[in-house]
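**Student:** Sending over work.cif (mmCIF, C-alpha atoms).
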```
data_final
loop_
_atom_site.label_atom_id
_atom_site.label_comp_id
_atom_site.auth_asym_id
_atom_site.auth_seq_id
_atom_site.Cartn_x
_atom_site.Cartn_y
_atom_site.Cartn_z
CA MET A 13 19.15 -1.72 9.75
CA ILE A 14 15.83 -0.07 10.54
CA ALA A 15 14.97 0.17 14.21
CA LEU A 16 11.26 -0.56 14.45
CA ARG A 17 9.20 0.99 17.19
CA TRP A 18 5.95 -0.97 17.03
CA PRO A 19 3.71 -0.77 20.09
CA VAL A 20 3.49 -4.22 21.63
CA VAL A 21 -0.10 -4.12 22.82
CA PRO A 22 -2.99 -6.55 22.35
CA LEU A 23 -5.27 -3.64 21.45
CA ALA A 24 -3.30 -2.92 18.32
CA LEU A 25 -3.57 -6.51 17.13
CA ALA A 26 -7.27 -6.58 17.92
CA ALA A 27 -7.81 -3.42 15.90
CA LEU A 28 -6.31 -5.05 12.81
CA ALA A 29 -8.24 -8.27 13.35
CA ALA A 30 -11.47 -6.30 13.56
CA CYS A 31 -10.85 -5.06 10.02
CA SER A 32 -10.01 -8.49 8.64
CA GLY A 33 -11.91 -10.79 6.39
CA ASP A 34 -9.98 -10.78 3.11
CA ARG A 35 -13.13 -10.13 1.15
CA ALA A 36 -11.45 -9.60 -2.15
CA GLY A 37 -12.08 -6.16 -3.54
CA SER A 38 -14.78 -5.40 -0.99
CA VAL A 39 -15.50 -2.34 1.12
CA ARG A 40 -17.94 -2.49 4.00
CA ALA A 41 -21.28 -0.95 3.21
CA GLY A 42 -21.51 2.51 4.63
CA SER A 43 -17.80 2.80 5.26
CA GLY A 44 -17.23 5.29 2.48
CA ARG A 45 -14.35 6.93 4.30
CA ALA A 46 -11.54 4.42 4.33
CA GLY A 47 -9.86 4.32 0.99
CA SER A 48 -11.98 6.82 -0.91
CA VAL A 49 -9.80 9.67 -2.06
CA ARG A 50 -10.46 13.20 -3.23
CA ALA A 51 -8.36 15.46 -5.43
CA GLY A 52 -8.70 13.47 -8.62
CA SER A 53 -7.82 10.09 -7.21
CA GLU A 54 -10.37 7.36 -6.69
CA ARG A 55 -11.16 3.85 -5.58
CA ALA A 56 -9.84 0.97 -7.65
CA GLY A 57 -11.81 0.21 -10.76
CA SER A 58 -14.27 3.05 -10.32
CA VAL A 59 -15.23 5.82 -12.72
CA ARG A 60 -17.67 8.42 -11.52
CA ALA A 61 -21.05 8.11 -13.17
CA GLY A 62 -21.50 10.69 -15.89
CA SER A 63 -17.86 11.77 -15.86
CA PRO A 64 -15.90 11.82 -19.11
CA ALA A 65 -13.32 9.12 -19.66
CA ASP A 66 -10.06 9.98 -17.92
CA ASP A 67 -7.11 9.17 -20.16
CA ARG A 68 -4.41 9.99 -17.62
CA PRO A 69 -1.97 7.13 -16.87
CA VAL A 70 -2.66 5.49 -13.52
CA VAL A 71 -0.61 4.93 -10.39
CA LEU A 72 -2.40 2.04 -8.70
CA PHE A 73 -1.92 1.31 -5.00
CA LEU A 74 -2.55 -2.31 -4.02
CA GLY A 75 -2.65 -2.17 -0.26
CA THR A 76 -4.03 -2.75 3.20
CA SER A 77 -5.77 -0.41 5.66
CA LEU A 78 -2.58 1.69 5.66
CA THR A 79 -3.29 2.50 2.02
CA ALA A 80 -7.06 2.60 2.39
CA GLY A 81 -6.69 5.26 5.07
CA LEU A 82 -8.60 3.54 7.84
CA GLY A 83 -9.87 6.10 10.34
CA LEU A 84 -9.02 9.10 8.17
CA ASP A 85 -11.15 11.43 6.12
CA PRO A 86 -11.07 10.60 2.41
CA GLY A 87 -8.49 13.19 1.40
CA GLU A 88 -6.08 12.37 4.23
CA ALA A 89 -4.93 8.87 3.22
CA TYR A 90 -1.41 8.85 1.84
CA PRO A 91 -2.48 8.02 -1.78
CA ALA A 92 -4.50 11.27 -1.80
CA ARG A 93 -1.36 13.11 -0.74
CA ILE A 94 0.51 11.43 -3.59
CA GLN A 95 -2.13 12.76 -5.98
CA GLU A 96 -1.45 16.23 -4.60
CA LYS A 97 2.28 15.78 -5.13
CA LEU A 98 1.75 14.64 -8.72
CA ASP A 99 -0.48 17.63 -9.41
CA SER A 100 1.96 20.06 -7.80
CA ALA A 101 4.79 18.62 -9.89
CA GLY A 102 2.77 19.14 -13.06
CA LEU A 103 2.59 15.40 -13.67
CA ARG A 104 -0.69 14.51 -15.33
CA TRP A 105 -1.32 11.19 -13.59
CA ARG A 106 -4.26 9.71 -11.74
CA VAL A 107 -3.98 7.85 -8.44
CA VAL A 108 -6.27 4.89 -7.82
CA ASN A 109 -6.46 3.72 -4.21
CA GLY A 110 -6.84 -0.06 -4.07
CA GLY A 111 -6.47 -0.40 -0.31
CA VAL A 112 -8.63 -2.94 1.56
CA SER A 113 -8.57 -3.02 5.35
CA GLY A 114 -7.50 -6.25 7.01
CA GLU A 115 -6.33 -7.90 3.81
CA THR A 116 -3.41 -10.32 3.78
CA SER A 117 -1.06 -10.92 0.86
CA ALA A 118 -3.24 -13.89 -0.16
CA GLY A 119 -6.25 -11.59 -0.46
CA ALA A 120 -4.25 -9.07 -2.49
CA LEU A 121 -3.21 -11.82 -4.88
CA ARG A 122 -6.80 -13.02 -5.28
CA ARG A 123 -8.16 -9.63 -6.30
CA LEU A 124 -5.18 -8.42 -8.33
CA GLU A 125 -6.55 -9.57 -11.68
CA TRP A 126 -9.73 -7.58 -11.08
CA MET A 127 -7.69 -4.45 -10.43
CA LEU A 128 -5.40 -4.64 -13.44
CA ARG A 129 -6.88 -2.43 -16.12
CA PRO A 130 -5.57 -0.60 -19.19
CA GLY A 131 -3.95 2.65 -18.15
CA VAL A 132 -2.11 1.30 -15.10
CA ARG A 133 1.52 2.22 -15.68
CA VAL A 134 2.90 2.16 -12.11
CA LEU A 135 1.73 -0.19 -9.37
CA VAL A 136 2.72 0.19 -5.73
CA VAL A 137 2.45 -3.10 -3.82
CA GLU A 138 1.81 -2.49 -0.11
CA THR A 139 0.80 -5.82 1.37
CA GLY A 140 2.05 -8.21 4.02
CA ALA A 141 1.46 -6.01 7.07
CA ASN A 142 -1.47 -8.13 8.22
CA ASP A 143 0.49 -11.31 7.53
CA GLY A 144 3.14 -10.03 9.93
CA LEU A 145 0.66 -8.96 12.59
CA ARG A 146 -0.94 -12.40 12.52
CA GLY A 147 2.38 -14.20 12.53
CA LEU A 148 1.62 -15.99 9.25
CA ASP A 149 4.29 -18.16 7.67
CA VAL A 150 6.91 -15.94 6.05
CA ASP A 151 7.47 -18.38 3.20
CA SER A 152 3.78 -18.24 2.31
CA THR A 153 3.80 -14.45 2.34
CA ARG A 154 6.91 -14.45 0.18
CA ALA A 155 5.25 -16.80 -2.31
CA ASN A 156 2.22 -14.52 -2.51
CA LEU A 157 4.39 -11.47 -3.14
CA GLU A 158 6.32 -13.33 -5.83
CA ALA A 159 3.04 -14.37 -7.46
CA ILE A 160 1.77 -10.78 -7.39
CA VAL A 161 4.89 -9.56 -9.18
CA ALA A 162 4.69 -12.39 -11.72
CA ARG A 163 1.02 -11.74 -12.42
CA ILE A 164 1.58 -8.03 -12.98
CA ARG A 165 4.40 -8.74 -15.40
CA ALA A 166 2.36 -11.35 -17.22
CA TYR A 167 -0.42 -8.80 -17.64
CA ASP A 168 1.94 -6.10 -18.93
CA PRO A 169 5.74 -6.24 -18.65
CA GLY A 170 5.79 -2.46 -19.06
CA VAL A 171 4.06 -1.76 -15.75
CA ARG A 172 6.58 -0.40 -13.25
CA ILE A 173 6.28 -2.07 -9.84
CA VAL A 174 7.25 -0.41 -6.56
CA LEU A 175 7.47 -2.63 -3.47
CA ALA A 176 6.63 -1.19 -0.06
CA GLY A 177 8.51 -2.82 2.80
CA MET A 178 6.99 -3.49 6.20
CA GLU A 179 8.19 -4.61 9.61
CA ALA A 180 6.71 -7.21 11.95
CA PRO A 181 6.04 -6.32 15.61
CA PRO A 182 8.90 -7.37 17.91
CA ASN A 183 6.73 -9.54 20.16
CA LEU A 184 6.76 -12.20 17.42
CA GLY A 185 10.41 -12.90 18.11
CA ALA A 186 13.74 -11.80 16.65
CA ARG A 187 13.93 -14.63 14.12
CA PHE A 188 10.48 -13.96 12.70
CA THR A 189 11.00 -10.20 12.47
CA ALA A 190 14.40 -10.63 10.79
CA ARG A 191 13.00 -13.06 8.19
CA PHE A 192 10.00 -10.83 7.59
CA ARG A 193 12.18 -7.76 7.00
CA ALA A 194 14.56 -9.67 4.73
CA MET A 195 11.65 -10.98 2.64
CA PHE A 196 11.00 -7.54 1.13
CA ARG A 197 14.66 -6.70 0.64
CA ASP A 198 15.41 -10.05 -1.02
CA LEU A 199 12.38 -9.90 -3.32
CA ALA A 200 13.24 -6.37 -4.40
CA ARG A 201 16.81 -7.36 -5.19
CA ARG A 202 15.90 -10.55 -7.02
CA GLU A 203 13.11 -8.98 -9.08
CA ARG A 204 14.96 -5.66 -9.51
CA LEU A 205 12.18 -3.64 -7.92
CA PRO A 206 12.51 -0.20 -6.35
CA LEU A 207 11.93 -0.66 -2.63
CA ILE A 208 10.42 1.62 0.00
CA PRO A 209 12.43 0.06 2.87
CA PHE A 210 9.78 0.67 5.55
CA ILE A 211 6.65 2.54 4.53
CA LEU A 212 6.02 3.66 8.13
CA GLU A 213 9.55 4.99 8.65
CA GLY A 214 9.40 7.88 11.10
CA VAL A 215 5.78 7.10 11.94
CA GLY A 216 5.60 3.55 13.31
CA GLY A 217 5.47 3.56 17.09
CA VAL A 218 5.34 7.37 17.39
CA ASP A 219 2.23 8.10 19.46
CA SER A 220 1.71 11.63 18.17
CA LEU A 221 1.67 10.42 14.56
CA ASN A 222 -0.77 7.54 14.99
CA GLN A 223 -4.39 7.01 15.86
CA GLY A 224 -5.49 5.45 19.12
CA ASP A 225 -4.81 1.88 17.96
CA GLY A 226 -1.10 2.67 17.74
CA ILE A 227 -0.87 1.27 14.20
CA HIS A 228 -2.72 3.48 11.72
CA PRO A 229 -1.22 6.89 10.96
CA ASN A 230 -3.21 10.01 11.74
CA GLU A 231 -3.40 12.90 9.28
CA VAL A 232 0.10 14.15 10.11
CA GLY A 233 1.53 10.64 10.04
CA ALA A 234 -0.07 9.97 6.65
CA ARG A 235 1.73 13.00 5.23
CA ILE A 236 5.04 11.54 6.39
CA VAL A 237 4.13 8.18 4.86
CA ALA A 238 3.35 9.97 1.59
CA GLY A 239 6.83 11.49 1.72
CA ASN A 240 8.38 8.03 2.22
CA VAL A 241 6.48 6.74 -0.79
CA TRP A 242 7.08 9.79 -2.98
CA ARG A 243 10.87 9.59 -2.69
CA VAL A 244 10.82 6.20 -4.40
CA LEU A 245 7.71 6.65 -6.54
CA GLU A 246 8.50 9.93 -8.28
CA PRO A 247 11.50 8.61 -10.25
CA GLU A 248 9.43 5.62 -11.38
CA VAL A 249 6.62 7.86 -12.60
CA ARG A 250 9.08 9.94 -14.58
CA LYS A 251 10.68 6.81 -16.05
CA ALA A 252 7.23 5.52 -17.00
CA MET A 253 6.58 8.79 -18.83
CA GLY A 254 9.69 8.11 -20.89
CA ASP A 255 8.46 4.59 -21.66
CA ARG A 256 5.34 5.84 -23.38
#
```
Using structure tokens, write down the structure from this file.

**Tutor:**
Amino acid sequence: MIALRWPVVPLALAALAACSGDRAGSVRAGSGRAGSVRAGSERAGSVRAGSPADDRPVVLFLGTSLTAGLGLDPGEAYPARIQEKLDSAGLRWRVVNGGVSGETSAGALRRLEWMLRPGVRVLVVETGANDGLRGLDVDSTRANLEAIVARIRAYDPGVRIVLAGMEAPPNLGARFTARFRAMFRDLARRERLPLIPFILEGVGGVDSLNQGDGIHPNEVGARIVAGNVWRVLEPEVRKAMGDR
């Protein structure tokens, strides 16, 4: 069992609430930083004006502020580090960062259809963190995650789905945190999905690896998160190459 070290402080919850709104697919005007990624990766659904069509298969990240890279420079969010790992491995893939700060699983479900485009071959689902922070009903979060998986498979059964697990802060009670943790494990087993057990493993609750809010990884922490993701993602990318 994973021992979670979340900071139990009102400031951390307020920081997440300040980024909320579930505006499907939206990014605040002038934000620019959170979620935009250098090194060949890009925001969901975007193609740079005047650039030639990019025919590389896509790894799409559907996620929260953890994926968007809230508080980091564009190239420091963990999806940008995944792009670097793909490039270093000689894997000709393109990362698309679909992180939206403050979004719940309901918001991710609402904007999923807009994000699904030809070329997406692997989709990493990182959502539910804000559900847990707000203490939302676990059954509702589970239903949203199930619907996300079903919608992806209805769009294209060949898309490989990776599920990122999350933990709820301990101040919500032992029963809630246990049910929240089990939700990801059970869904992964039932739907036969590769699971990142806890995307913030080794980072969550470690002051030196997080920003001042105690929740969002700093640059060093984001590199560790990328390593957590890469261990599960790389085999799926290679399998997807064999599917083509």

**Student:** Enclose stretch 164-170 of chain A, meaning all of its atoms listed in the file, in a box aligned along x, y and z, pad it by 3 Å on each side, and list the centre and edge lengths in Å to one decimal, as lines of an AutoDock Vina configuration file.

**Tutor:**
```
center_x = 2.7
center_y = -6.9
center_z = -16.0
size_x = 12.2
size_y = 14.9
size_z = 12.1
```

**Student:** Using all atoms listed in the file, which residue out of A:Pro247, A:Phe192, A:Arg187, A:Glu125 lies closest to A:Ala159?

**Tutor:** A:Glu125

**Student:** Ranking A:Ala180, A:Val150, A:Ala162, A:Met195 by minimum distance to A:Gly216 and counting only C-alpha atoms, which one comes first?

**Tutor:**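 Under the stated criterion, the closest residue is A:Ala180.
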
**Student:** For the atom pair atom CA of A:Leu175 and atom CA of A:Val137, what is the interatomic distance in Å to one decimal place?

**Tutor:**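 Those two atoms sit 5.1 Å apart.
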
**Student:** The PyMOL selection byres ((chain A and resi 140) around 7) - which residues does that actually catch in the file I just gave you? List them as a PDB file with C-alpha atoms, in the coordinates of the input.

**Tutor:**
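See result29.pdb below for the written result:
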```pdb
ATOM      1  CA  THR A 116      -3.410 -10.320   3.780  1.00  0.00           C
ATOM      2  CA  SER A 117      -1.060 -10.920   0.860  1.00  0.00           C
ATOM      3  CA  THR A 139       0.800  -5.820   1.370  1.00  0.00           C
ATOM      4  CA  ALA A 141       1.460  -6.010   7.070  1.00  0.00           C
ATOM      5  CA  ASN A 142      -1.470  -8.130   8.220  1.00  0.00           C
ATOM      6  CA  ASP A 143       0.490 -11.310   7.530  1.00  0.00           C
ATOM      7  CA  GLY A 144       3.140 -10.030   9.930  1.00  0.00           C
ATOM      8  CA  THR A 153       3.800 -14.450   2.340  1.00  0.00           C
TER       9      THR A 153
END
```

**Student:** Identify all residues satisfying the PyMOL selection byres ((chain A and resi 83) around 10) in the given file; provide them as a VMD selection string.

**Tutor:** chain A and resid 43 45 to 47 77 to 78 80 to 82 84 to 86 88 to 89 223 to 224 228 to 231

**Student:** Pick the closest to A:Pro182 from A:Gly170, A:Pro91, A:Gly119, A:Gly217: which is it, counting all atoms listed in the file?

**Tutor:** A:Gly217

**Student:** What's the separation between atom CA of A:Ser100 and atom CA of A:Val215, in Å to one decimal place?

**Tutor:** 23.9 Å

**Student:** So that I can check the surroundings of A:Asp255, please list as a list in words every protein, DNA and RNA residue that reaches within 12 Å of it, counting all atoms listed in the file and ignoring chain neighbours fewer than 2 positions away.

**Tutor:**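 Within the cut-off, the hits are Pro69, Arg133, Val134, Pro169, Gly170, Val171, Arg172, Glu248, Val249, Arg250, Lys251, Ala252 and Met253 of chain A.
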
**Student:** With all atoms listed in the file as the atoms that count, which of A:Arg193, A:Val218, A:Glu138, A:Asn109 lies nearest to A:Arg93?

**Tutor:**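 Distance minimum relative to A:Arg93 lands on A:Asn109.
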
**Student:** So how many Å separate atom CA of A:Arg104 and atom CA of A:Arg235, to one decimal?

**Tutor:**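 That distance, rounded to one decimal, is 20.8 Å.
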
**Student:** Please provide as a VMD selection string all residues within 8 Å of A:Val244, with the sequence filter that same-chain residues fewer than 3 positions apart are discarded (counting all atoms listed in the file).

**Tutor:** chain A and resid 174 206 to 208 240 to 241 247 to 248

**Student:** Would you please work out which residue, of A:Leu184, A:Ala120, A:Met178, A:Val71, is nearest to A:Leu157 when using only C-alpha atoms?

**Tutor:**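 Smallest separation from A:Leu157 among the options: A:Ala120.
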
**Student:** For A:Lys97, list every protein, DNA or RNA residue within 12 Å, evaluated using all atoms listed in the file, and leave out those in the same chain fewer than 4 positions away; present the list as a list in words.

**Tutor:**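 Once the adjacent positions are removed, what remains is Ala51, Gly52, Ser53, Tyr90, Pro91, Ala92, Arg93, Ala101, Gly102, Leu103, Arg104, Trp105, Arg106, Val107, Arg235, Ala238, Gly239, Val241, Trp242, Arg243, Leu245, Glu246 and Val249 of chain A.
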
**Student:** Using only C-alpha atoms, pick whichever of A:Asp99, A:Asp151, A:Val112, A:Tyr167 has the shortest atom-to-atom distance to A:Leu128.

**Tutor:**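 Of A:Asp99, A:Asp151, A:Val112, A:Tyr167, the one nearest A:Leu128 is A:Tyr167, counting only C-alpha atoms.
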